[in-house]
>>> print(open('coords_34.txt').read())   # compact mmCIF, C-alpha atoms
# COMPACT_ATOMS: atom_id res chain seq x y z
CA MET A 1 122.84 103.45 63.69
CA GLY A 2 119.29 104.76 63.66
CA ALA A 3 117.61 106.12 66.73
CA GLY A 4 115.61 103.66 68.80
CA PRO A 5 111.87 103.95 69.36
CA GLU A 6 110.79 107.15 71.09
CA LEU A 7 110.43 106.72 74.84
CA PRO A 8 107.10 107.60 76.47
CA PRO A 9 107.19 110.72 78.66
CA VAL A 10 107.99 110.33 82.37
CA ARG A 11 104.84 110.92 84.41
CA HIS A 12 105.11 112.15 87.99
CA TRP A 13 103.05 109.98 90.32
CA PRO A 14 102.47 111.82 93.60
CA ALA A 15 101.60 109.95 96.77
CA LEU A 16 97.90 110.80 96.83
CA ASP A 17 96.05 110.23 100.08
CA LEU A 18 92.78 108.84 98.76
CA ASP A 19 89.58 108.36 100.72
CA GLY A 20 87.28 105.40 100.44
CA VAL A 21 87.95 102.88 97.70
CA ASP A 22 88.35 105.45 94.92
CA PHE A 23 90.72 104.18 92.25
CA ASP A 24 93.88 106.30 91.94
CA PRO A 25 93.16 108.82 89.14
CA VAL A 26 96.88 108.98 88.26
CA LEU A 27 96.99 105.22 87.73
CA ALA A 28 93.76 105.34 85.73
CA GLY A 29 95.34 107.97 83.48
CA LEU A 30 98.50 105.88 83.03
CA MET A 31 96.38 102.87 82.05
CA GLU A 32 94.69 105.00 79.41
CA GLU A 33 98.07 106.04 77.98
CA GLY A 34 98.93 102.47 77.10
CA PRO A 35 100.21 99.13 78.40
CA VAL A 36 103.66 100.47 79.24
CA THR A 37 104.54 103.94 80.51
CA ARG A 38 107.31 105.59 82.53
CA VAL A 39 106.83 106.98 86.04
CA LYS A 40 108.65 108.93 88.73
CA LEU A 41 107.49 108.37 92.31
CA PRO A 42 108.02 110.74 95.29
CA ASN A 43 111.23 109.11 96.60
CA GLY A 44 114.36 107.46 95.25
CA SER A 45 115.94 108.60 91.99
CA GLY A 46 115.38 108.36 88.26
CA TRP A 47 112.31 106.83 86.61
CA ALA A 48 110.90 103.33 86.13
CA TRP A 49 108.79 101.50 83.59
CA LEU A 50 105.20 100.74 84.62
CA LEU A 51 103.23 97.78 83.23
CA THR A 52 99.46 97.75 83.70
CA ARG A 53 98.01 95.00 81.46
CA TYR A 54 97.13 91.68 83.05
CA ASP A 55 99.11 89.48 80.65
CA ASP A 56 102.23 91.68 80.83
CA VAL A 57 102.07 91.81 84.64
CA ARG A 58 101.88 88.02 84.89
CA ALA A 59 104.64 87.54 82.32
CA VAL A 60 107.13 89.89 83.98
CA THR A 61 106.50 88.67 87.53
CA ASN A 62 107.26 85.13 86.36
CA ASP A 63 110.29 86.04 84.21
CA PRO A 64 113.76 85.32 85.69
CA ARG A 65 115.21 88.09 83.49
CA PHE A 66 113.78 90.60 86.00
CA SER A 67 115.53 90.67 89.39
CA ARG A 68 114.30 91.75 92.79
CA LYS A 69 117.73 91.35 94.39
CA LEU A 70 119.31 94.09 92.28
CA VAL A 71 116.80 96.61 93.65
CA VAL A 72 118.59 96.57 97.01
CA GLU A 73 121.75 97.95 95.37
CA ASN A 74 119.97 100.67 93.37
CA ASP A 75 118.16 103.80 94.50
CA VAL A 76 115.07 103.12 92.40
CA THR A 77 112.26 105.69 92.31
CA ARG A 78 109.72 104.53 94.91
CA LEU A 79 106.78 105.54 97.06
CA ALA A 80 108.32 104.93 100.49
CA PRO A 81 110.71 107.51 101.95
CA HIS A 82 112.46 104.67 103.77
CA PHE A 83 113.55 101.31 102.43
CA ILE A 84 112.16 98.25 104.23
CA PRO A 85 114.43 95.32 103.20
CA VAL A 86 116.74 93.72 105.73
CA ASP A 87 119.37 91.07 105.07
CA GLY A 88 117.67 87.96 103.77
CA ALA A 89 114.34 89.68 103.12
CA VAL A 90 112.55 87.13 100.96
CA GLY A 91 110.80 89.85 98.94
CA PHE A 92 114.17 90.98 97.60
CA GLU A 93 115.62 87.58 96.73
CA ASP A 94 115.63 85.76 93.40
CA PRO A 95 115.49 81.99 92.92
CA PRO A 96 117.19 79.77 94.02
CA ASP A 97 117.76 81.70 97.29
CA HIS A 98 114.17 82.90 97.25
CA THR A 99 112.96 79.28 96.91
CA ARG A 100 115.23 78.14 99.76
CA LEU A 101 113.95 80.86 102.10
CA ARG A 102 110.28 80.23 101.36
CA ARG A 103 110.76 76.50 101.86
CA SER A 104 111.83 77.13 105.47
CA VAL A 105 108.40 78.54 106.43
CA ALA A 106 106.23 76.68 103.91
CA PRO A 107 104.73 74.20 106.42
CA ALA A 108 103.02 77.07 108.29
CA PHE A 109 101.24 78.17 105.11
CA THR A 110 100.10 74.87 103.60
CA THR A 111 96.42 73.94 103.69
CA ARG A 112 97.15 71.78 106.75
CA GLY A 113 99.12 74.56 108.44
CA VAL A 114 96.39 77.16 107.88
CA GLU A 115 93.59 74.76 108.85
CA ARG A 116 95.47 74.08 112.10
CA LEU A 117 94.87 77.75 112.91
CA ARG A 118 91.20 77.88 111.87
CA ASP A 119 89.64 76.82 115.17
CA ARG A 120 92.01 78.98 117.21
CA ALA A 121 91.35 81.97 114.92
CA ARG A 122 87.61 81.49 115.27
CA GLU A 123 87.94 81.35 119.07
CA MET A 124 89.97 84.57 119.15
CA LEU A 125 87.46 86.31 116.87
CA ASP A 126 84.48 85.08 118.93
CA GLU A 127 86.08 86.50 122.05
CA LEU A 128 86.53 89.89 120.36
CA VAL A 129 82.98 89.86 118.92
CA GLU A 130 81.48 88.99 122.33
CA GLY A 131 83.25 91.99 123.81
CA VAL A 132 81.86 94.35 121.16
CA LEU A 133 78.32 92.98 121.52
CA ARG A 134 78.53 93.17 125.31
CA ASP A 135 79.57 96.84 125.21
CA GLY A 136 76.90 97.63 122.61
CA PRO A 137 76.83 100.28 119.89
CA PRO A 138 78.39 102.48 118.76
CA ALA A 139 81.78 100.85 118.23
CA ASP A 140 84.89 101.46 116.15
CA LEU A 141 85.28 98.20 114.26
CA THR A 142 88.87 98.99 113.22
CA GLU A 143 89.84 99.38 116.87
CA ARG A 144 87.77 96.48 118.20
CA LEU A 145 87.90 93.81 115.44
CA LEU A 146 89.68 94.67 112.21
CA GLY A 147 92.90 95.64 113.99
CA PRO A 148 93.15 93.14 116.88
CA PHE A 149 91.99 90.02 114.99
CA PRO A 150 94.60 89.82 112.18
CA LEU A 151 97.27 90.86 114.69
CA ALA A 152 96.25 88.03 117.02
CA VAL A 153 96.24 85.52 114.14
CA VAL A 154 99.65 86.46 112.73
CA CYS A 155 101.15 86.48 116.24
CA GLU A 156 99.66 83.01 116.83
CA LEU A 157 101.17 81.88 113.52
CA MET A 158 104.54 83.40 114.40
CA GLY A 159 104.63 82.16 118.00
CA VAL A 160 104.57 85.68 119.51
CA PRO A 161 102.92 85.65 122.98
CA ALA A 162 99.83 87.78 123.62
CA GLU A 163 101.64 90.24 125.88
CA ASP A 164 103.98 91.25 123.02
CA ARG A 165 101.24 91.93 120.45
CA PRO A 166 100.81 95.65 121.19
CA ARG A 167 104.52 96.23 120.51
CA MET A 168 104.29 94.28 117.24
CA HIS A 169 101.33 96.38 116.16
CA GLU A 170 103.10 99.65 116.95
CA TRP A 171 106.27 98.60 115.12
CA THR A 172 104.29 97.48 112.05
CA ASN A 173 102.44 100.79 111.82
CA LEU A 174 105.69 102.74 112.07
CA ILE A 175 107.44 100.60 109.45
CA LEU A 176 104.57 100.91 106.97
CA SER A 177 103.98 104.64 107.39
CA SER A 178 105.88 107.74 106.40
CA ALA A 179 103.92 109.88 108.85
CA GLN A 180 106.64 109.96 111.55
CA GLY A 181 109.63 110.06 109.22
CA ALA A 182 112.22 107.64 107.88
CA ASP A 183 114.32 107.60 111.07
CA ARG A 184 111.44 106.44 113.26
CA SER A 185 110.48 103.77 110.70
CA GLN A 186 114.06 102.52 110.57
CA ARG A 187 114.26 102.37 114.36
CA ALA A 188 111.00 100.37 114.52
CA LYS A 189 112.39 97.94 111.94
CA GLU A 190 115.58 97.47 113.96
CA GLU A 191 113.58 96.94 117.17
CA MET A 192 111.35 94.31 115.54
CA CYS A 193 114.40 92.55 114.07
CA ALA A 194 116.11 92.51 117.48
CA TYR A 195 112.94 91.03 119.03
CA PHE A 196 112.80 88.15 116.54
CA ALA A 197 116.56 87.51 116.74
CA GLU A 198 116.28 87.14 120.52
CA ALA A 199 113.10 85.02 120.31
CA MET A 200 114.79 82.59 117.92
CA ARG A 201 117.96 82.42 120.01
CA ARG A 202 115.81 81.55 123.05
CA ARG A 203 113.93 78.92 121.05
CA ARG A 204 117.15 77.30 119.82
CA SER A 205 118.66 77.25 123.31
CA ALA A 206 115.48 75.56 124.55
CA GLY A 207 115.89 72.78 122.00
CA GLY A 208 114.71 74.26 118.71
CA GLY A 209 111.32 74.72 117.18
CA ASP A 210 108.14 72.74 117.64
CA GLY A 211 107.78 72.52 113.87
CA GLU A 212 104.47 74.41 113.98
CA ASP A 213 104.85 78.16 114.50
CA VAL A 214 107.10 80.31 112.29
CA ILE A 215 109.65 81.12 115.01
CA GLY A 216 109.98 77.38 115.62
CA LEU A 217 110.29 76.54 111.91
CA LEU A 218 112.91 79.23 111.35
CA SER A 219 114.86 78.29 114.47
CA ALA A 220 115.01 74.69 113.22
CA ALA A 221 116.06 75.85 109.72
CA VAL A 222 118.91 77.94 111.19
CA GLU A 223 120.02 75.02 113.34
CA ALA A 224 120.01 72.72 110.29
CA GLY A 225 122.15 75.20 108.35
CA GLU A 226 119.42 75.76 105.73
CA ILE A 227 119.21 79.52 106.33
CA THR A 228 121.30 82.06 108.21
CA GLU A 229 120.21 83.83 111.39
CA SER A 230 119.92 87.17 109.58
CA GLU A 231 117.78 85.54 106.86
CA SER A 232 115.47 84.10 109.52
CA VAL A 233 115.04 87.56 111.05
CA GLY A 234 114.32 89.14 107.66
CA LEU A 235 111.65 86.51 106.96
CA SER A 236 110.05 87.02 110.37
CA LEU A 237 109.82 90.77 109.82
CA LEU A 238 108.10 90.45 106.45
CA ILE A 239 105.61 87.80 107.59
CA GLN A 240 104.70 89.79 110.72
CA ILE A 241 104.21 93.02 108.75
CA GLY A 242 102.30 91.29 105.98
CA GLY A 243 99.93 89.70 108.47
CA GLU A 244 98.40 93.05 109.37
CA ALA A 245 97.55 93.86 105.73
CA VAL A 246 94.31 91.97 106.42
CA THR A 247 93.24 94.84 108.72
CA ASN A 248 93.21 97.24 105.78
CA ASN A 249 91.80 94.81 103.22
CA THR A 250 88.88 93.79 105.42
CA GLY A 251 88.37 97.45 106.36
CA ASN A 252 88.03 98.31 102.69
CA MET A 253 85.70 95.36 102.14
CA LEU A 254 83.52 96.45 105.04
CA PHE A 255 83.45 100.05 103.84
CA ILE A 256 82.06 98.83 100.51
CA LEU A 257 79.50 96.56 102.17
CA LEU A 258 78.32 99.28 104.57
CA THR A 259 78.01 101.87 101.80
CA ARG A 260 76.27 99.30 99.54
CA PRO A 261 73.65 97.75 101.85
CA ASP A 262 72.29 95.70 98.93
CA LEU A 263 75.57 93.79 98.82
CA MET A 264 75.60 93.21 102.59
CA GLU A 265 72.02 91.92 102.45
CA ARG A 266 73.01 89.54 99.67
CA LEU A 267 75.82 88.12 101.83
CA ARG A 268 73.43 87.68 104.75
CA ALA A 269 70.97 85.81 102.56
CA ASP A 270 73.55 83.69 100.73
CA PRO A 271 76.27 82.36 103.04
CA ALA A 272 77.40 79.90 100.35
CA GLY A 273 78.23 82.78 98.02
CA ARG A 274 80.48 84.64 100.47
CA GLY A 275 83.73 83.04 99.29
CA ARG A 276 83.07 84.15 95.71
CA ALA A 277 82.09 87.64 96.93
CA ILE A 278 85.35 87.95 98.87
CA GLU A 279 87.32 87.06 95.73
CA GLU A 280 85.53 89.82 93.82
CA LEU A 281 86.14 92.31 96.62
CA LEU A 282 89.84 91.37 96.60
CA ARG A 283 89.94 92.03 92.84
CA TYR A 284 88.15 95.34 93.10
CA ILE A 285 89.72 96.94 96.19
CA PRO A 286 92.66 99.29 95.54
CA HIS A 287 94.47 97.97 98.58
CA ARG A 288 97.71 99.89 98.24
CA SER A 289 98.96 103.35 97.32
CA ALA A 290 100.79 103.57 93.96
CA VAL A 291 102.92 100.43 93.41
CA GLY A 292 104.88 98.03 95.60
CA LEU A 293 108.34 96.59 94.92
CA SER A 294 110.17 97.02 91.63
CA ARG A 295 112.35 94.67 89.59
CA ILE A 296 115.44 95.40 87.50
CA ALA A 297 116.00 93.94 84.03
CA LEU A 298 119.04 91.67 83.83
CA GLU A 299 119.16 91.96 80.04
CA ASP A 300 117.37 93.83 77.27
CA VAL A 301 113.75 92.63 77.09
CA THR A 302 110.84 93.78 74.91
CA VAL A 303 107.50 93.98 76.71
CA ALA A 304 104.31 95.30 75.11
CA GLY A 305 106.38 96.85 72.33
CA ALA A 306 108.72 98.72 74.70
CA ARG A 307 112.43 97.95 74.75
CA ILE A 308 113.43 97.66 78.42
CA ARG A 309 117.21 97.88 78.72
CA ALA A 310 119.39 95.90 81.12
CA GLY A 311 119.63 97.79 84.42
CA GLU A 312 116.30 99.63 84.06
CA ALA A 313 113.68 99.37 86.79
CA VAL A 314 110.21 97.98 86.15
CA TYR A 315 107.04 98.18 88.22
CA VAL A 316 103.93 96.11 87.67
CA SER A 317 100.55 97.26 88.95
CA TYR A 318 98.40 94.43 90.28
CA LEU A 319 95.62 96.97 90.87
CA ALA A 320 95.63 97.89 87.18
CA ALA A 321 95.86 94.24 86.09
CA ASN A 322 92.75 93.51 88.17
CA ARG A 323 90.88 96.16 86.13
CA ASP A 324 92.01 94.90 82.70
CA PRO A 325 88.81 94.79 80.60
CA ASP A 326 90.23 92.02 78.38
CA VAL A 327 90.24 89.71 81.41
CA PHE A 328 87.50 91.19 83.63
CA PRO A 329 84.52 92.37 81.57
CA ASP A 330 83.06 95.62 82.93
CA PRO A 331 85.92 95.83 85.47
CA GLU A 332 84.57 98.89 87.33
CA ARG A 333 81.51 96.90 88.39
CA LEU A 334 81.47 94.84 91.57
CA ASP A 335 80.02 91.53 90.42
CA PHE A 336 79.64 88.88 93.11
CA ASP A 337 78.78 86.35 90.37
CA ARG A 338 81.99 87.00 88.44
CA ALA A 339 83.45 83.71 87.25
CA PRO A 340 86.12 82.95 86.49
CA ASN A 341 87.94 85.52 88.61
CA PRO A 342 91.71 85.01 88.13
CA HIS A 343 92.65 88.18 90.02
CA VAL A 344 96.23 88.94 91.07
CA ALA A 345 95.47 90.67 94.38
CA PHE A 346 98.03 88.40 96.08
CA GLY A 347 100.61 88.81 93.33
CA HIS A 348 101.90 86.25 90.85
CA GLY A 349 104.95 84.11 90.17
CA PRO A 350 107.65 83.22 92.72
CA HIS A 351 106.72 86.20 94.92
CA TYR A 352 103.04 85.26 95.17
CA CYS A 353 101.97 86.11 98.74
CA VAL A 354 102.88 83.21 101.00
CA GLY A 355 100.04 84.18 103.37
CA ALA A 356 97.24 84.30 100.77
CA MET A 357 95.42 81.26 102.14
CA LEU A 358 95.60 82.62 105.68
CA ALA A 359 94.36 86.07 104.57
CA ARG A 360 91.37 84.43 102.86
CA LEU A 361 90.57 82.46 106.01
CA GLU A 362 90.63 85.62 108.14
CA SER A 363 88.49 87.54 105.65
CA GLU A 364 85.92 84.73 105.56
CA LEU A 365 85.72 84.54 109.35
CA LEU A 366 85.33 88.32 109.68
CA VAL A 367 82.67 88.58 106.97
CA ASP A 368 80.75 85.67 108.55
CA ALA A 369 80.87 87.32 111.98
CA LEU A 370 79.80 90.75 110.74
CA ALA A 371 77.00 89.44 108.50
CA ASP A 372 75.60 86.93 111.00
CA ARG A 373 76.10 88.49 114.43
CA PHE A 374 75.45 92.20 113.88
CA PRO A 375 71.87 92.66 112.62
CA GLY A 376 71.30 95.98 110.91
CA LEU A 377 75.04 96.81 110.91
CA ARG A 378 75.55 100.30 109.51
CA LEU A 379 77.99 103.20 109.57
CA ALA A 380 77.52 105.52 112.56
CA VAL A 381 78.77 108.52 110.54
CA PRO A 382 78.26 109.63 106.93
CA ALA A 383 80.51 107.68 104.54
CA GLU A 384 82.54 110.77 103.71
CA GLU A 385 83.46 111.16 107.40
CA VAL A 386 85.13 107.73 107.65
CA ARG A 387 88.83 108.56 108.07
CA PHE A 388 91.33 106.73 105.87
CA ARG A 389 95.04 106.34 106.65
CA ARG A 390 97.34 109.18 105.61
CA GLY A 391 100.92 108.74 104.44
CA ALA A 392 100.52 104.94 104.37
CA LEU A 393 101.79 102.43 101.81
CA ILE A 394 98.71 100.25 102.35
CA ARG A 395 95.28 101.86 102.04
CA GLY A 396 92.53 101.33 104.57
CA PRO A 397 90.18 103.02 107.05
CA GLU A 398 91.81 104.42 110.17
CA SER A 399 88.53 104.03 112.02
CA MET A 400 85.16 102.49 111.22
CA PRO A 401 82.39 103.78 113.54
CA VAL A 402 79.31 101.54 113.34
CA GLU A 403 75.94 100.91 114.93
CA TRP A 404 73.65 97.88 114.76
CA GLY A 405 70.37 96.55 116.03
>>> encode(input="coords_34.txt", output="C-alpha cells")
Amino acid sequence: MGAGPELPPVRHWPALDLDGVDFDPVLAGLMEEGPVTRVKLPNGSGWAWLLTRYDDVRAVTNDPRFSRKLVVENDVTRLAPHFIPVDGAVGFEDPPDHTRLRRSVAPAFTTRGVERLRDRAREMLDELVEGVLRDGPPADLTERLLGPFPLAVVCELMGVPAEDRPRMHEWTNLILSSAQGADRSQRAKEEMCAYFAEAMRRRRSAGGGDGEDVIGLLSAAVEAGEITESESVGLSLLIQIGGEAVTNNTGNMLFILLTRPDLMERLRADPAGRGRAIEELLRYIPHRSAVGLSRIALEDVTVAGARIRAGEAVYVSYLAANRDPDVFPDPERLDFDRAPNPHVAFGHGPHYCVGAMLARLESELLVDALADRFPGLRLAVPAEEVRFRRGALIRGPESMPVEWG
C-alpha cells in the first residue's frame, strides 16, 4: 500500500495572555497555513486537528460522526490544566442524550422565558447604574456593572437567592481560571455541584419546581424520571458558569467602544442600530483564549482535504470562522452596517449556546445604559493600562476604570 497524504506539522499553541482585543497571533498564523492544521496545546497529551474555515467549522459541529462524549475518556491536548466536565455535563453529551438534557431546561431559554426576565433584568441593572451615578466618577465598571449584572441575571434565571451570589461568582472564577491551580479549581467545582444538589433536593421536598427557574425545571425533570440527579447538577454548573461569560464579552465590547469614541458616538446617535452593532461586536471580539472543547472522530472522515482518522481529536475555532474573508468581507474591519452577519460567536449545531438569547438581552441592556446614562463616558487610564485577565480560558478586562460627565 502507498503512503497516505503527508500530515501537516504539529504547531505548539502556547496559552498567550493577550491584552485588549488583539487577535491571537498564533491562531492568525495557523489560519494562514491552511484550512486544516495540527496543534498541541499546553495541557493534555498528543495533538489535535484544528479547523478554521467557516464552512468546515459549521459542517463538523453539525456532523454526528464527531463525538463530544468520547472526549471525557481521552486525555486530549487542551488549554485548561483541569478538566471541567461532571457527570451529565451537557457540553460533553451527544444526541439523543444531549437533546434530552437540553429539553429539560429549554423553557427557561425560549423567547417567552427570556422575555419573562427582561423587566427584572432592567430593574436590577437600573439599581446598579443608580449606585454608580450616585457615587460619581471615577468608577471601575467591571466591579460595579459588568460583573454584578450578568451574575444577578443568571442567578435570577437559576433560582439562586441574592445572598448566595458572591459564592457563585467566586466559584465560577476559580473553575474558569488556572491561576490558583487545578486542585483549587476542582474543589470549587465540587462545592458548586454540592450547592446545586442540595438546592434541588430542597426544591423537590418542597413540592418540586415552579416551572420557571432552572432549579425548578431541573427538579421537576428529575422527579419525572427524565434526567438523573447527577445530570441535573452537571447542567446547573454549566449554565451558571456560562452566564458570567457576558461579563467578559461586554467588557471587551466596552473596551472597543471606549477606545473608538467614533463608534460610541454612533451608538448614542442611532439607538435603532445598536442591535446590529452588538452582532458585529460579537463577531469581531476574540472572546476566548485558544479553543474550547474538542470532538473525536467516530470514523474516518475527510475534511478540507485532510483525512481525519477514527479516534483523532478535532478542534474548531469559532474565532477564526468569524474572520473568514469568504463569508465576512474585510473581516478585520469593525463594520456596524455589516449585513448579513451569520457569525458563530455562540457556536453552531446541537451545542449552540442555549443562553444566546439571554446573553444578547443583557448586552443590549448594558449598551443602552452606558450609551444613554453616562454622558462623555471615557477610560480613566490610558488604554494600555487596562488590565486583562491572566491565566483565564475566557478573555476580558479584569478592571475598567472610567470617568464621565
>>> atom_distance(input="coords_34.txt", atom1="CA of Met253 (chain A)", atom2="CA of Pro382 (chain A)")
16.8 Å
>>> closest_residue(input="coords_34.txt", among="A:Thr250, A:Ser289, A:Ser67, A:Ser232", to="Ser317 (chain A)", atoms="only C-alpha atoms")
A:Ser289
>>> residues_around(input="coords_34.txt", residues="Val303 (chain A)", least_positions_apart="3", cutoff="10 Å", atoms="only C-alpha atoms", output="list of chain:residue names")
A:Pro35, A:Val36, A:Leu51, A:Asp56, A:Val57, A:Ala59, A:Val60, A:Asp300, A:Ala306, A:Arg307, A:Ile308
>>> closest_residue(input="coords_34.txt", among="A:Ile175, A:Ala162, A:Leu358, A:Ala320", to="Met31 (chain A)", atoms="only C-alpha atoms")
A:Ala320
>>> closest_residue(input="coords_34.txt", among="A:Met200, A:Leu263, A:Leu16, A:Ile227", to="Phe388 (chain A)", atoms="only C-alpha atoms")
A:Leu16
>>> closest_residue(input="coords_34.txt", among="A:Asp262, A:Asp75, A:Glu123, A:Glu385", to="Ile296 (chain A)", atoms="all atoms listed in the file")
A:Asp75
>>> residues_near_point(input="coords_34.txt", point="(99.5, 101.3, 77.2)", cutoff="12 Å", atoms="only C-alpha atoms", output="PyMOL selection string")
chain A and resi 8+27-38+49-54+56+303-306+320-321+324
>>> atom_distance(input="coords_34.txt", atom1="CA of Thr111 (chain A)", atom2="CA of Glu226 (chain A)")
23.2 Å
>>> closest_residue(input="coords_34.txt", among="A:Tyr195, A:Ile239, A:Val105, A:Val402", to="Ala220 (chain A)", atoms="all atoms listed in the file")
A:Val105
>>> closest_residue(input="coords_34.txt", among="A:Asn252, A:Thr77, A:Thr228, A:Thr172", to="Ala290 (chain A)", atoms="all atoms listed in the file")
A:Thr77
>>> residues_around(input="coords_34.txt", residues="Lys189 (chain A)", least_positions_apart="4", cutoff="10 Å", atoms="all atoms listed in the file", output="PDB file with C-alpha atoms, keeping the file's coordinate frame")
ATOM      1  CA  ILE A  84     112.160  98.250 104.230  1.00  0.00           C
ATOM      2  CA  PRO A  85     114.430  95.320 103.200  1.00  0.00           C
ATOM      3  CA  VAL A  86     116.740  93.720 105.730  1.00  0.00           C
ATOM      4  CA  TRP A 171     106.270  98.600 115.120  1.00  0.00           C
ATOM      5  CA  THR A 172     104.290  97.480 112.050  1.00  0.00           C
ATOM      6  CA  LEU A 174     105.690 102.740 112.070  1.00  0.00           C
ATOM      7  CA  ILE A 175     107.440 100.600 109.450  1.00  0.00           C
ATOM      8  CA  LEU A 176     104.570 100.910 106.970  1.00  0.00           C
ATOM      9  CA  ASP A 183     114.320 107.600 111.070  1.00  0.00           C
ATOM     10  CA  ARG A 184     111.440 106.440 113.260  1.00  0.00           C
ATOM     11  CA  SER A 185     110.480 103.770 110.700  1.00  0.00           C
ATOM     12  CA  CYS A 193     114.400  92.550 114.070  1.00  0.00           C
ATOM     13  CA  ALA A 194     116.110  92.510 117.480  1.00  0.00           C
ATOM     14  CA  TYR A 195     112.940  91.030 119.030  1.00  0.00           C
ATOM     15  CA  GLY A 234     114.320  89.140 107.660  1.00  0.00           C
ATOM     16  CA  LEU A 237     109.820  90.770 109.820  1.00  0.00           C
TER      17      LEU A 237
END
>>> atom_distance(input="coords_34.txt", atom1="CA of Ile285 (chain A)", atom2="CA of Ala297 (chain A)")
29.1 Å
>>> axis_aligned_box(input="coords_34.txt", around="region 88-106 of chain A", padding_each_side="6 Å", output="AutoDock Vina command-line options")
--center_x 112.0 --center_y 83.7 --center_z 99.7 --size_x 23.5 --size_y 26.5 --size_z 25.5
>>> residues_around(input="coords_34.txt", residues="region 329-333 of chain A", least_positions_apart="6", cutoff="10 Å", atoms="all atoms listed in the file", output="list in words")
Phe23, Glu280, Arg283, Tyr284, Asn322 and Arg323 of chain A
>>> build_atoms(input="coords_34.txt", residues="region 130-143 of chain A", atoms="N, CA, C and O atoms", output="PDB file, in the frame of the given file")
ATOM      1  N   GLU A 130      82.266  88.975 121.089  1.00  0.00           N
ATOM      2  CA  GLU A 130      81.480  88.990 122.330  1.00  0.00           C
ATOM      3  C   GLU A 130      81.710  90.283 123.104  1.00  0.00           C
ATOM      4  O   GLU A 130      80.773  90.869 123.666  1.00  0.00           O
ATOM      5  N   GLY A 131      82.939  90.749 123.113  1.00  0.00           N
ATOM      6  CA  GLY A 131      83.250  91.990 123.810  1.00  0.00           C
ATOM      7  C   GLY A 131      82.553  93.188 123.186  1.00  0.00           C
ATOM      8  O   GLY A 131      82.016  94.061 123.886  1.00  0.00           O
ATOM      9  N   VAL A 132      82.524  93.238 121.852  1.00  0.00           N
ATOM     10  CA  VAL A 132      81.860  94.350 121.160  1.00  0.00           C
ATOM     11  C   VAL A 132      80.361  94.299 121.413  1.00  0.00           C
ATOM     12  O   VAL A 132      79.723  95.324 121.715  1.00  0.00           O
ATOM     13  N   LEU A 133      79.765  93.109 121.309  1.00  0.00           N
ATOM     14  CA  LEU A 133      78.320  92.980 121.520  1.00  0.00           C
ATOM     15  C   LEU A 133      77.948  93.307 122.959  1.00  0.00           C
ATOM     16  O   LEU A 133      76.910  93.927 123.224  1.00  0.00           O
ATOM     17  N   ARG A 134      78.799  92.902 123.886  1.00  0.00           N
ATOM     18  CA  ARG A 134      78.530  93.170 125.310  1.00  0.00           C
ATOM     19  C   ARG A 134      78.536  94.677 125.590  1.00  0.00           C
ATOM     20  O   ARG A 134      77.693  95.191 126.327  1.00  0.00           O
ATOM     21  N   ASP A 135      79.476  95.396 124.979  1.00  0.00           N
ATOM     22  CA  ASP A 135      79.570  96.840 125.210  1.00  0.00           C
ATOM     23  C   ASP A 135      78.497  97.600 124.452  1.00  0.00           C
ATOM     24  O   ASP A 135      78.144  98.719 124.824  1.00  0.00           O
ATOM     25  N   GLY A 136      77.983  97.009 123.370  1.00  0.00           N
ATOM     26  CA  GLY A 136      76.900  97.630 122.610  1.00  0.00           C
ATOM     27  C   GLY A 136      77.377  98.756 121.707  1.00  0.00           C
ATOM     28  O   GLY A 136      78.520  99.225 121.799  1.00  0.00           O
ATOM     29  N   PRO A 137      76.467  99.212 120.832  1.00  0.00           N
ATOM     30  CA  PRO A 137      76.830 100.280 119.890  1.00  0.00           C
ATOM     31  C   PRO A 137      76.889 101.636 120.588  1.00  0.00           C
ATOM     32  O   PRO A 137      76.298 101.791 121.655  1.00  0.00           O
ATOM     33  N   PRO A 138      77.576 102.616 119.972  1.00  0.00           N
ATOM     34  CA  PRO A 138      78.390 102.480 118.760  1.00  0.00           C
ATOM     35  C   PRO A 138      79.747 101.857 119.089  1.00  0.00           C
ATOM     36  O   PRO A 138      80.147 101.786 120.251  1.00  0.00           O
ATOM     37  N   ALA A 139      80.445 101.405 118.046  1.00  0.00           N
ATOM     38  CA  ALA A 139      81.780 100.850 118.230  1.00  0.00           C
ATOM     39  C   ALA A 139      82.639 101.185 117.027  1.00  0.00           C
ATOM     40  O   ALA A 139      82.124 101.376 115.920  1.00  0.00           O
ATOM     41  N   ASP A 140      83.945 101.273 117.250  1.00  0.00           N
ATOM     42  CA  ASP A 140      84.890 101.460 116.150  1.00  0.00           C
ATOM     43  C   ASP A 140      85.400 100.073 115.774  1.00  0.00           C
ATOM     44  O   ASP A 140      86.189  99.470 116.494  1.00  0.00           O
ATOM     45  N   LEU A 141      84.931  99.563 114.637  1.00  0.00           N
ATOM     46  CA  LEU A 141      85.280  98.200 114.260  1.00  0.00           C
ATOM     47  C   LEU A 141      86.764  98.034 113.942  1.00  0.00           C
ATOM     48  O   LEU A 141      87.317  96.955 114.107  1.00  0.00           O
ATOM     49  N   THR A 142      87.425  99.095 113.474  1.00  0.00           N
ATOM     50  CA  THR A 142      88.870  98.990 113.220  1.00  0.00           C
ATOM     51  C   THR A 142      89.593  98.745 114.544  1.00  0.00           C
ATOM     52  O   THR A 142      90.454  97.868 114.643  1.00  0.00           O
ATOM     53  N   GLU A 143      89.197  99.495 115.550  1.00  0.00           N
ATOM     54  CA  GLU A 143      89.840  99.380 116.870  1.00  0.00           C
ATOM     55  C   GLU A 143      89.493  98.067 117.565  1.00  0.00           C
ATOM     56  O   GLU A 143      90.348  97.439 118.192  1.00  0.00           O
TER      57      GLU A 143
END
